[in-house]
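Peer 1: You'll find final_37.cif just under this line, and it carries mmCIF, C-alpha atoms.
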data_data
#
loop_
_atom_site.group_PDB
_atom_site.id
_atom_site.type_symbol
_atom_site.label_atom_id
_atom_site.label_comp_id
_atom_site.auth_asym_id
_atom_site.auth_seq_id
_atom_site.Cartn_x
_atom_site.Cartn_y
_atom_site.Cartn_z
ATOM 1 C CA MET A 223 -92.171 121.439 -98.307
ATOM 2 C CA SER A 224 -91.848 120.754 -94.582
ATOM 3 C CA THR A 225 -90.488 123.132 -91.951
ATOM 4 C CA VAL A 226 -87.953 122.102 -89.314
ATOM 5 C CA ALA A 227 -88.076 123.550 -85.805
ATOM 6 C CA GLY A 228 -85.698 126.502 -85.545
ATOM 7 C CA GLN A 229 -84.694 126.446 -89.223
ATOM 8 C CA LYS A 230 -85.078 129.726 -91.116
ATOM 9 C CA LYS A 231 -83.490 128.879 -94.492
ATOM 10 C CA TYR A 232 -84.886 126.381 -97.037
ATOM 11 C CA THR A 233 -83.666 125.622 -100.552
ATOM 12 C CA MET A 234 -86.222 126.276 -103.261
ATOM 13 C CA PRO A 235 -87.165 123.425 -105.653
ATOM 14 C CA ILE A 236 -84.710 122.922 -108.526
ATOM 15 C CA ASP A 237 -87.294 123.968 -111.126
ATOM 16 C CA TRP A 238 -88.332 127.170 -109.269
ATOM 17 C CA LEU A 239 -88.391 130.420 -111.270
ATOM 18 C CA ALA A 240 -90.747 132.826 -109.483
ATOM 19 C CA SER A 241 -93.173 132.578 -106.573
ATOM 20 C CA GLU A 242 -96.748 133.735 -106.736
ATOM 21 C CA LYS A 243 -97.927 132.897 -103.225
ATOM 22 C CA ILE A 244 -96.592 130.867 -100.301
ATOM 23 C CA PHE A 245 -98.863 129.362 -97.644
ATOM 24 C CA TRP A 246 -98.076 127.865 -94.227
ATOM 25 C CA ASN A 247 -100.249 125.406 -92.308
ATOM 26 C CA ASN A 248 -100.446 126.345 -88.620
ATOM 27 C CA ALA A 249 -101.778 122.897 -87.679
ATOM 28 C CA THR A 250 -102.863 122.303 -84.092
ATOM 29 C CA PRO A 251 -104.516 119.287 -82.460
ATOM 30 C CA GLY A 252 -108.127 119.285 -83.593
ATOM 31 C CA ASN A 253 -107.414 121.757 -86.412
ATOM 32 C CA GLU A 254 -105.124 119.995 -88.858
ATOM 33 C CA ALA A 255 -105.830 122.364 -91.772
ATOM 34 C CA ALA A 256 -105.174 125.994 -90.838
ATOM 35 C CA TRP A 257 -103.600 127.316 -94.034
ATOM 36 C CA GLY A 258 -102.793 130.991 -94.346
ATOM 37 C CA PRO A 259 -100.673 133.071 -96.720
ATOM 38 C CA LEU A 260 -97.262 134.259 -95.592
ATOM 39 C CA ILE A 261 -96.483 137.949 -95.981
ATOM 40 C CA PRO A 262 -93.799 138.644 -98.614
ATOM 41 C CA THR A 263 -90.998 140.989 -97.596
ATOM 42 C CA SER A 264 -87.419 141.709 -98.634
ATOM 43 C CA LEU A 265 -84.007 141.314 -97.044
ATOM 44 C CA GLU A 266 -83.741 145.076 -96.495
ATOM 45 C CA LYS A 267 -87.192 145.313 -94.927
ATOM 46 C CA MET A 268 -86.433 142.316 -92.698
ATOM 47 C CA ALA A 269 -83.199 143.980 -91.535
ATOM 48 C CA GLN A 270 -85.096 147.176 -90.725
ATOM 49 C CA GLU A 271 -88.074 145.641 -88.937
ATOM 50 C CA SER A 272 -86.372 142.683 -87.218
ATOM 51 C CA PRO A 273 -82.623 143.402 -86.992
ATOM 52 C CA ASN A 274 -81.986 140.318 -84.819
ATOM 53 C CA TRP A 275 -83.896 137.917 -87.086
ATOM 54 C CA LEU A 276 -80.790 135.727 -87.606
ATOM 55 C CA SER A 277 -80.656 134.818 -83.913
ATOM 56 C CA ASP A 278 -80.931 131.120 -83.004
ATOM 57 C CA ASP A 279 -82.501 131.937 -79.631
ATOM 58 C CA PRO A 280 -85.462 129.503 -79.189
ATOM 59 C CA SER A 281 -87.489 132.295 -77.568
ATOM 60 C CA MET A 282 -87.682 133.924 -81.015
ATOM 61 C CA PHE A 283 -89.218 130.863 -82.673
ATOM 62 C CA GLY A 284 -92.953 130.842 -83.206
ATOM 63 C CA ARG A 285 -95.711 131.108 -85.797
ATOM 64 C CA VAL A 286 -94.268 131.698 -89.277
ATOM 65 C CA GLN A 287 -95.491 135.032 -90.643
ATOM 66 C CA LYS A 288 -93.113 136.453 -93.275
ATOM 67 C CA TYR A 289 -90.853 135.228 -96.036
ATOM 68 C CA PHE A 290 -88.360 136.507 -98.560
ATOM 69 C CA ILE A 291 -86.367 134.758 -101.270
ATOM 70 C CA GLN A 292 -82.652 135.379 -101.729
ATOM 71 C CA ASN A 293 -80.356 133.465 -104.112
ATOM 72 C CA HIS A 294 -82.697 130.513 -104.607
ATOM 73 C CA ASP A 295 -83.265 130.171 -100.834
ATOM 74 C CA LEU A 296 -86.508 130.726 -98.944
ATOM 75 C CA TYR A 297 -86.155 132.507 -95.586
ATOM 76 C CA LEU A 298 -88.991 132.267 -93.062
ATOM 77 C CA PHE A 299 -89.552 134.526 -90.053
ATOM 78 C CA PRO A 300 -89.925 133.675 -87.321
ATOM 79 C CA ALA A 301 -88.544 130.155 -87.541
ATOM 80 C CA ASN A 302 -91.202 127.559 -86.805
ATOM 81 C CA ALA A 303 -91.236 126.491 -83.152
ATOM 82 C CA MET A 304 -92.154 122.910 -84.104
ATOM 83 C CA THR A 305 -91.241 120.621 -86.979
ATOM 84 C CA GLY A 306 -94.058 120.458 -89.506
ATOM 85 C CA THR A 307 -95.114 117.903 -92.089
ATOM 86 C CA ASN A 308 -95.778 119.268 -95.584
ATOM 87 C CA ASP A 309 -96.734 122.579 -93.990
ATOM 88 C CA ILE A 310 -95.394 124.876 -96.738
ATOM 89 C CA PHE A 311 -97.359 125.082 -99.987
ATOM 90 C CA MET A 312 -96.044 127.217 -102.853
ATOM 91 C CA PHE A 313 -97.645 128.408 -106.042
ATOM 92 C CA TYR A 314 -94.710 129.112 -108.328
ATOM 93 C CA GLU A 315 -93.525 129.239 -111.911
ATOM 94 C CA ALA A 316 -91.256 126.366 -112.891
ATOM 95 C CA LYS A 317 -88.546 125.831 -115.466
ATOM 96 C CA PRO A 318 -89.656 123.621 -118.340
ATOM 97 C CA ILE A 319 -88.817 119.937 -118.147
ATOM 98 C CA LYS A 320 -86.093 118.590 -120.433
ATOM 99 C CA LEU A 321 -87.305 116.755 -123.509
ATOM 100 C CA LEU A 322 -85.325 113.512 -123.831
ATOM 101 C CA THR A 323 -87.449 111.499 -126.252
ATOM 102 C CA LEU A 324 -89.871 112.246 -129.077
ATOM 103 C CA ASP A 325 -92.726 111.107 -126.818
ATOM 104 C CA ASP A 326 -92.017 113.752 -124.137
ATOM 105 C CA GLN A 327 -94.634 116.489 -124.008
ATOM 106 C CA ILE A 328 -93.556 120.119 -124.169
ATOM 107 C CA SER A 329 -95.263 122.368 -121.652
ATOM 108 C CA ILE A 330 -95.386 125.996 -122.796
ATOM 109 C CA ASP A 331 -97.882 128.792 -123.114
ATOM 110 C CA ASP A 332 -99.813 128.687 -126.414
ATOM 111 C CA SER A 333 -98.677 132.225 -127.277
ATOM 112 C CA LEU A 334 -95.048 131.000 -127.527
ATOM 113 C CA VAL A 335 -95.700 128.180 -130.018
ATOM 114 C CA SER A 336 -95.009 130.283 -133.126
ATOM 115 C CA GLY A 337 -91.595 131.267 -131.724
ATOM 116 C CA ILE A 338 -90.576 127.635 -131.303
ATOM 117 C CA GLU A 339 -91.897 126.853 -134.766
ATOM 118 C CA ALA A 340 -89.835 129.699 -136.299
ATOM 119 C CA TYR A 341 -86.693 128.552 -134.443
ATOM 120 C CA MET A 342 -87.074 124.929 -135.554
ATOM 121 C CA LEU A 343 -87.759 125.869 -139.195
ATOM 122 C CA TRP A 344 -84.783 128.250 -139.176
ATOM 123 C CA LYS A 345 -82.415 125.527 -137.928
ATOM 124 C CA MET A 346 -83.830 122.860 -140.285
ATOM 125 C CA TRP A 347 -83.566 125.107 -143.364
ATOM 126 C CA LYS A 348 -80.020 126.013 -142.287
ATOM 127 C CA MET A 349 -79.071 122.308 -142.077
ATOM 128 C CA ASP A 350 -80.510 121.790 -145.588
ATOM 129 C CA GLN A 351 -78.476 124.800 -146.795
ATOM 130 C CA GLU A 352 -81.631 126.610 -147.891
ATOM 131 C CA ASP A 353 -80.228 130.022 -146.935
ATOM 132 C CA SER A 354 -83.101 132.232 -148.108
ATOM 133 C CA LEU A 355 -85.738 130.109 -146.344
ATOM 134 C CA ALA A 356 -83.526 129.911 -143.232
ATOM 135 C CA GLU A 357 -83.090 133.706 -143.204
ATOM 136 C CA GLU A 358 -86.840 134.217 -143.502
ATOM 137 C CA GLN A 359 -87.432 132.119 -140.371
ATOM 138 C CA ARG A 360 -84.478 133.700 -138.532
ATOM 139 C CA VAL A 361 -86.004 137.152 -139.082
ATOM 140 C CA ARG A 362 -89.349 135.808 -137.900
ATOM 141 C CA TYR A 363 -87.630 134.430 -134.785
ATOM 142 C CA GLU A 364 -85.015 137.090 -133.914
ATOM 143 C CA GLY A 365 -86.233 140.177 -135.725
ATOM 144 C CA GLN A 366 -84.386 142.187 -138.390
ATOM 145 C CA LYS A 367 -81.022 142.395 -136.616
ATOM 146 C CA VAL A 368 -78.914 139.290 -135.962
ATOM 147 C CA GLY A 369 -79.098 138.506 -132.250
ATOM 148 C CA GLY A 370 -81.677 141.260 -131.836
ATOM 149 C CA SER A 371 -84.650 141.220 -129.552
ATOM 150 C CA GLY A 372 -87.379 141.723 -132.128
ATOM 151 C CA GLY A 373 -89.610 139.103 -133.678
ATOM 152 C CA GLU A 374 -90.767 136.175 -131.602
ATOM 153 C CA VAL A 375 -87.857 136.614 -129.164
ATOM 154 C CA GLY A 376 -89.033 140.137 -128.365
ATOM 155 C CA LEU A 377 -92.609 138.955 -127.910
ATOM 156 C CA GLY A 378 -91.380 136.162 -125.617
ATOM 157 C CA LEU A 379 -89.360 138.612 -123.489
ATOM 158 C CA LYS A 380 -92.367 140.900 -123.255
ATOM 159 C CA TRP A 381 -94.553 137.955 -122.197
ATOM 160 C CA ARG A 382 -91.988 136.931 -119.551
ATOM 161 C CA LYS A 383 -91.808 140.420 -118.032
ATOM 162 C CA GLN A 384 -95.576 140.420 -117.678
ATOM 163 C CA ARG A 385 -95.343 137.068 -115.867
ATOM 164 C CA VAL A 386 -92.994 138.226 -113.085
ATOM 165 C CA LEU A 387 -95.207 137.067 -110.281
ATOM 166 C CA ASP A 388 -93.302 138.296 -107.260
ATOM 167 C CA GLY A 389 -92.365 141.669 -108.738
ATOM 168 C CA LYS A 390 -92.258 144.675 -106.435
ATOM 169 C CA TRP A 391 -95.563 146.018 -107.768
ATOM 170 C CA LYS A 392 -97.293 142.751 -106.796
ATOM 171 C CA ILE A 393 -96.489 142.931 -103.080
ATOM 172 C CA ASP A 394 -97.219 145.716 -100.626
ATOM 173 C CA ILE A 395 -93.974 145.907 -98.661
ATOM 174 C CA GLU A 396 -93.378 149.620 -98.381
ATOM 175 C CA SER A 397 -96.742 151.314 -97.963
ATOM 176 C CA TYR A 398 -97.583 153.321 -94.866
ATOM 177 C CA MET A 399 -100.154 150.732 -93.828
ATOM 178 C CA PRO A 400 -99.427 147.315 -95.388
ATOM 179 C CA PHE A 401 -102.091 144.804 -96.304
ATOM 180 C CA ASN A 402 -102.876 141.971 -93.926
ATOM 181 C CA TYR A 403 -104.911 138.798 -93.970
ATOM 182 C CA SER A 404 -106.567 139.132 -90.587
ATOM 183 C CA SER A 405 -110.316 139.339 -90.132
ATOM 184 C CA VAL A 406 -109.908 142.943 -88.923
ATOM 185 C CA ASN A 407 -109.890 145.546 -91.647
ATOM 186 C CA GLY A 408 -106.558 147.325 -91.279
ATOM 187 C CA SER A 409 -106.985 149.711 -94.162
ATOM 188 C CA ALA A 410 -107.513 153.387 -94.735
ATOM 189 C CA PHE A 411 -111.233 152.698 -95.233
ATOM 190 C CA ASN A 412 -111.544 151.899 -91.541
ATOM 191 C CA ASN A 413 -110.784 155.537 -90.629
ATOM 192 C CA GLN A 414 -107.318 154.564 -89.449
ATOM 193 C CA ILE A 415 -105.474 156.803 -91.899
ATOM 194 C CA ASN A 416 -106.349 160.249 -93.120
ATOM 195 C CA PRO A 417 -104.047 160.965 -96.105
ATOM 196 C CA LEU A 418 -104.190 164.685 -95.252
ATOM 197 C CA ASN A 419 -102.563 163.980 -91.878
ATOM 198 C CA ILE A 420 -99.558 162.113 -93.259
#
Could I get this file's structure written as C-alpha coordinates?

Peer 2:
Amino acid sequence: MSTVAGQKKYTMPIDWLASEKIFWNNATPGNEAAWGPLIPTSLEKMAQESPNWLSDDPSMFGRVQKYFIQNHDLYLFPANAMTGTNDIFMFYEAKPIKLLTLDDQISIDDSLVSGIEAYMLWKMWKMDQEDSLAEEQRVRYEGQKVGGSGGEVGLGLKWRKQRVLDGKWKIDIESYMPFNYSSVNGSAFNNQINPLNI
(Lines of atoms letter the chains of each structure in order from A and count residues from 1; the text may use other names and numbers.)
(Lines give C-alpha, C1' and ligand atoms only; values in the text may rest on other atoms or scores of the structure.)
Protein backbone atom coordinates (compact mmCIF):
# COMPACT_ATOMS: atom_id res chain seq x y z
CA MET A 1 0.00 0.00 0.00
CA SER A 2 1.19 3.55 -0.66
CA THR A 3 0.67 6.57 1.59
CA VAL A 4 -0.55 9.93 0.31
CA ALA A 5 0.73 13.18 1.82
CA GLY A 6 -1.69 14.40 4.48
CA GLN A 7 -4.00 11.38 4.25
CA LYS A 8 -4.73 9.57 7.53
CA LYS A 9 -7.37 7.02 6.45
CA TYR A 10 -6.77 4.07 4.09
CA THR A 11 -9.13 1.25 3.14
CA MET A 12 -7.88 -2.20 4.04
CA PRO A 13 -7.60 -4.85 1.28
CA ILE A 14 -10.89 -6.60 0.45
CA ASP A 15 -9.61 -9.95 1.75
CA TRP A 16 -8.32 -8.53 5.08
CA LEU A 17 -9.39 -10.31 8.28
CA ALA A 18 -6.82 -9.48 10.97
CA SER A 19 -3.46 -7.70 11.05
CA GLU A 20 -0.36 -9.17 12.61
CA LYS A 21 2.14 -6.39 11.97
CA ILE A 22 2.25 -3.24 9.84
CA PHE A 23 5.51 -1.68 8.65
CA TRP A 24 6.25 1.74 7.13
CA ASN A 25 9.25 2.62 4.96
CA ASN A 26 10.72 5.99 5.98
CA ALA A 27 12.68 6.25 2.72
CA THR A 28 15.10 9.15 2.31
CA PRO A 29 17.58 9.95 -0.47
CA GLY A 30 20.47 7.53 -0.07
CA ASN A 31 18.47 5.27 2.26
CA GLU A 32 15.64 3.82 0.20
CA ALA A 33 14.92 0.92 2.59
CA ALA A 34 14.26 2.14 6.14
CA TRP A 35 11.46 -0.19 7.22
CA GLY A 36 10.18 -0.06 10.77
CA PRO A 37 7.10 -1.40 12.56
CA LEU A 38 4.26 0.96 13.36
CA ILE A 39 2.98 1.01 16.93
CA PRO A 40 -0.55 -0.40 17.27
CA THR A 41 -3.01 1.67 19.29
CA SER A 42 -6.77 2.08 19.58
CA LEU A 43 -9.26 4.83 18.82
CA GLU A 44 -9.72 5.55 22.54
CA LYS A 45 -5.98 5.70 23.19
CA MET A 46 -5.50 7.96 20.16
CA ALA A 47 -8.22 10.31 21.46
CA GLN A 48 -6.53 10.44 24.87
CA GLU A 49 -2.94 10.92 23.71
CA SER A 50 -3.52 13.07 20.61
CA PRO A 51 -6.96 14.72 20.89
CA ASN A 52 -6.38 16.88 17.79
CA TRP A 53 -5.21 13.99 15.59
CA LEU A 54 -8.02 14.62 13.05
CA SER A 55 -6.64 18.06 12.19
CA ASP A 56 -5.63 18.69 8.56
CA ASP A 57 -3.00 21.24 9.61
CA PRO A 58 0.16 20.46 7.54
CA SER A 59 2.32 21.28 10.57
CA MET A 60 1.01 18.06 12.15
CA PHE A 61 2.14 15.86 9.27
CA GLY A 62 5.37 13.96 9.67
CA ARG A 63 6.90 10.52 10.21
CA VAL A 64 4.19 7.87 10.57
CA GLN A 65 4.42 6.24 14.00
CA LYS A 66 1.08 4.74 15.10
CA TYR A 67 -1.90 3.00 13.58
CA PHE A 68 -5.29 1.64 14.52
CA ILE A 69 -7.95 -0.16 12.51
CA GLN A 70 -11.61 0.83 12.70
CA ASN A 71 -14.40 -0.56 10.49
CA HIS A 72 -12.11 -1.99 7.82
CA ASP A 73 -10.12 1.28 7.61
CA LEU A 74 -6.49 1.82 8.56
CA TYR A 75 -5.74 5.11 10.34
CA LEU A 76 -2.16 6.37 10.47
CA PHE A 77 -0.76 9.01 12.83
CA PRO A 78 0.72 11.37 12.07
CA ALA A 79 -0.24 11.59 8.41
CA ASN A 80 2.77 11.19 6.15
CA ALA A 81 4.30 14.53 5.15
CA MET A 82 5.19 13.20 1.68
CA THR A 83 3.52 10.81 -0.74
CA GLY A 84 5.17 7.41 -0.62
CA THR A 85 5.45 4.54 -3.08
CA ASN A 86 4.59 1.10 -1.70
CA ASP A 87 5.70 2.31 1.73
CA ILE A 88 3.17 0.34 3.81
CA PHE A 89 3.72 -3.41 4.19
CA MET A 90 1.19 -5.50 6.11
CA PHE A 91 1.32 -9.02 7.43
CA TYR A 92 -2.32 -10.01 7.76
CA GLU A 93 -4.78 -12.88 7.69
CA ALA A 94 -6.91 -13.01 4.56
CA LYS A 95 -10.31 -14.39 3.68
CA PRO A 96 -10.13 -17.53 1.56
CA ILE A 97 -10.42 -17.14 -2.19
CA LYS A 98 -13.63 -18.27 -3.88
CA LEU A 99 -13.48 -21.63 -5.61
CA LEU A 100 -15.05 -21.27 -9.06
CA THR A 101 -13.79 -24.37 -10.85
CA LEU A 102 -12.72 -27.88 -9.88
CA ASP A 103 -9.11 -26.90 -10.64
CA ASP A 104 -9.05 -24.07 -8.06
CA GLN A 105 -6.90 -24.86 -5.04
CA ILE A 106 -8.36 -24.50 -1.56
CA SER A 107 -6.09 -22.75 0.91
CA ILE A 108 -6.82 -23.75 4.51
CA ASP A 109 -4.96 -24.90 7.57
CA ASP A 110 -4.42 -28.69 7.64
CA SER A 111 -6.19 -28.96 11.01
CA LEU A 112 -9.48 -27.85 9.37
CA VAL A 113 -9.51 -30.49 6.60
CA SER A 114 -11.55 -33.04 8.57
CA GLY A 115 -14.27 -30.43 9.17
CA ILE A 116 -14.64 -29.76 5.45
CA GLU A 117 -14.65 -33.49 4.77
CA ALA A 118 -17.44 -34.04 7.34
CA TYR A 119 -19.50 -31.17 5.87
CA MET A 120 -19.16 -32.45 2.30
CA LEU A 121 -20.01 -36.05 3.25
CA TRP A 122 -23.01 -34.84 5.27
CA LYS A 123 -24.41 -32.87 2.32
CA MET A 124 -23.70 -35.67 -0.21
CA TRP A 125 -25.36 -38.35 1.95
CA LYS A 126 -28.31 -35.99 2.46
CA MET A 127 -28.69 -35.55 -1.33
CA ASP A 128 -28.63 -39.35 -1.73
CA GLN A 129 -31.30 -39.61 1.00
CA GLU A 130 -29.02 -41.77 3.15
CA ASP A 131 -30.33 -40.25 6.39
CA SER A 132 -28.38 -42.36 8.90
CA LEU A 133 -25.05 -41.78 7.12
CA ALA A 134 -25.89 -38.07 6.72
CA GLU A 135 -26.70 -37.77 10.43
CA GLU A 136 -23.43 -39.45 11.37
CA GLN A 137 -21.46 -36.84 9.40
CA ARG A 138 -23.66 -33.97 10.66
CA VAL A 139 -22.85 -34.96 14.26
CA ARG A 140 -19.18 -35.16 13.33
CA TYR A 141 -19.43 -31.67 11.81
CA GLU A 142 -21.80 -29.80 14.16
CA GLY A 143 -21.71 -31.85 17.34
CA GLN A 144 -24.64 -33.56 19.08
CA LYS A 145 -27.09 -30.64 18.93
CA VAL A 146 -28.43 -29.33 15.61
CA GLY A 147 -26.77 -25.99 14.91
CA GLY A 148 -24.55 -26.50 17.95
CA SER A 149 -20.95 -25.51 18.29
CA GLY A 150 -19.47 -28.91 19.07
CA GLY A 151 -17.72 -31.26 16.70
CA GLU A 152 -15.54 -29.86 13.95
CA VAL A 153 -17.34 -26.49 14.09
CA GLY A 154 -16.35 -26.09 17.74
CA LEU A 155 -12.76 -27.06 16.98
CA GLY A 156 -12.71 -24.55 14.10
CA LEU A 157 -14.04 -21.75 16.34
CA LYS A 158 -11.44 -22.60 18.96
CA TRP A 159 -8.70 -22.53 16.30
CA ARG A 160 -9.94 -19.14 15.03
CA LYS A 161 -9.93 -17.57 18.50
CA GLN A 162 -6.33 -18.66 18.94
CA ARG A 163 -5.48 -17.00 15.61
CA VAL A 164 -6.72 -13.50 16.54
CA LEU A 165 -3.50 -11.77 15.68
CA ASP A 166 -4.24 -8.22 16.73
CA GLY A 167 -6.04 -9.14 19.95
CA LYS A 168 -5.61 -6.88 22.96
CA TRP A 169 -3.22 -9.32 24.65
CA LYS A 170 -0.90 -9.17 21.62
CA ILE A 171 -0.25 -5.42 21.77
CA ASP A 172 1.03 -3.34 24.66
CA ILE A 173 -1.23 -0.30 24.50
CA GLU A 174 -2.09 0.30 28.13
CA SER A 175 0.97 -0.54 30.20
CA TYR A 176 2.69 2.07 32.34
CA MET A 177 5.74 1.99 30.08
CA PRO A 178 4.86 0.72 26.58
CA PHE A 179 7.25 -1.21 24.38
CA ASN A 180 9.18 0.61 21.69
CA TYR A 181 11.40 -0.29 18.78
CA SER A 182 14.16 2.23 19.35
CA SER A 183 17.75 1.24 20.00
CA VAL A 184 17.43 2.62 23.55
CA ASN A 185 16.09 0.18 26.09
CA GLY A 186 12.97 1.83 27.48
CA SER A 187 12.00 -0.93 29.85
CA ALA A 188 11.86 -1.55 33.55
CA PHE A 189 15.16 -3.44 33.29
CA ASN A 190 16.93 -0.16 32.59
CA ASN A 191 16.17 1.08 36.13
CA GLN A 192 13.54 3.45 34.78
CA ILE A 193 10.67 1.94 36.76
CA ASN A 194 10.63 0.58 40.26
CA PRO A 195 7.30 -1.29 40.66
CA LEU A 196 7.34 -0.45 44.38
CA ASN A 197 7.20 3.27 43.55
CA ILE A 198 4.12 3.07 41.33

Peer 1: CA of Thr323 in chain A and CA of Tyr363 in chain A are how many Å apart?

Peer 2: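 About the pair CA of Thr323 in chain A and CA of Tyr363 in chain A: they are 24.5 Å apart.
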
Peer 1: Where does the PyMOL selection byres ((chain A and resi 304-312) around 8) land in this file, that is, which residues does it pick, as a PyMOL selection string?

Peer 2: chain A and resi 223-228+241-248+302-303+313-314

Peer 1: Please indicate the distance in Å from CA of Trp238 in chain A to CA of Glu266 in chain A, rounded to one decimal place.

Peer 2: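 Here the two named atoms are 22.5 Å from each other.
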
Peer 1: Between CA of Gly376 in chain A and CA of Tyr341 in chain A, what is the spacing in Å?

Peer 2: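 Going from CA of Tyr341 in chain A over to CA of Gly376 in chain A covers 13.3 Å.
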
Peer 1: Write out as a PyMOL selection string which residues come within 12 Å of Ser333 in chain A when counting all atoms listed in the file, dropping same-chain ones fewer than 5 positions away.

Peer 2: chain A and resi 338-339+374-375+377-382

Peer 1: Pick from A:Asp350, A:Asp332, A:Asp237, A:Asp295: nearest to Pro318 in chain A, with only C-alpha atoms counted?

Peer 2: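 Looking at the shortest contact to Pro318 in chain A, the residue is A:Asp237.
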
Peer 1: Evaluate the PyMOL selection byres ((chain A and resi 260) around 10) on the structure here and hand back the selected residues as an mmCIF file with C-alpha atoms, keeping the file's coordinate frame.

Peer 2:
data_model
loop_
_atom_site.group_PDB
_atom_site.id
_atom_site.type_symbol
_atom_site.label_atom_id
_atom_site.label_comp_id
_atom_site.auth_asym_id
_atom_site.auth_seq_id
_atom_site.Cartn_x
_atom_site.Cartn_y
_atom_site.Cartn_z
ATOM 1 C CA LYS A 243 -97.927 132.897 -103.225
ATOM 2 C CA ILE A 244 -96.592 130.867 -100.301
ATOM 3 C CA PHE A 245 -98.863 129.362 -97.644
ATOM 4 C CA TRP A 246 -98.076 127.865 -94.227
ATOM 5 C CA ASN A 247 -100.249 125.406 -92.308
ATOM 6 C CA TRP A 257 -103.600 127.316 -94.034
ATOM 7 C CA GLY A 258 -102.793 130.991 -94.346
ATOM 8 C CA PRO A 259 -100.673 133.071 -96.720
ATOM 9 C CA ILE A 261 -96.483 137.949 -95.981
ATOM 10 C CA PRO A 262 -93.799 138.644 -98.614
ATOM 11 C CA THR A 263 -90.998 140.989 -97.596
ATOM 12 C CA VAL A 286 -94.268 131.698 -89.277
ATOM 13 C CA GLN A 287 -95.491 135.032 -90.643
ATOM 14 C CA LYS A 288 -93.113 136.453 -93.275
ATOM 15 C CA TYR A 289 -90.853 135.228 -96.036
ATOM 16 C CA PHE A 290 -88.360 136.507 -98.560
ATOM 17 C CA LEU A 298 -88.991 132.267 -93.062
ATOM 18 C CA PHE A 299 -89.552 134.526 -90.053
ATOM 19 C CA ILE A 310 -95.394 124.876 -96.738
ATOM 20 C CA ASN A 402 -102.876 141.971 -93.926
ATOM 21 C CA TYR A 403 -104.911 138.798 -93.970
#

Peer 1: Between A:Arg362, A:His294, A:Lys320, A:Lys345, which residue has the minimum interatomic distance to Thr233 in chain A, considering all atoms listed in the file?

Peer 2: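 Smallest separation from Thr233 in chain A among the options: A:His294.
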
Peer 1: If we count all atoms listed in the file, what is near Asn293 in chain A at a cut-off of 12 Å, once residues fewer than 4 positions away on the same chain are taken out, given as a PyMOL selection string?

Peer 2: chain A and resi 231-234+238-240+265+297

Peer 1: With only C-alpha atoms as the basis for distance, which of A:Val361, A:Ser336, A:Lys348, A:Arg285 is at the shortest distance from Ala256 in chain A?

Peer 2: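 Using only C-alpha atoms, the shortest distance to Ala256 in chain A belongs to A:Arg285.
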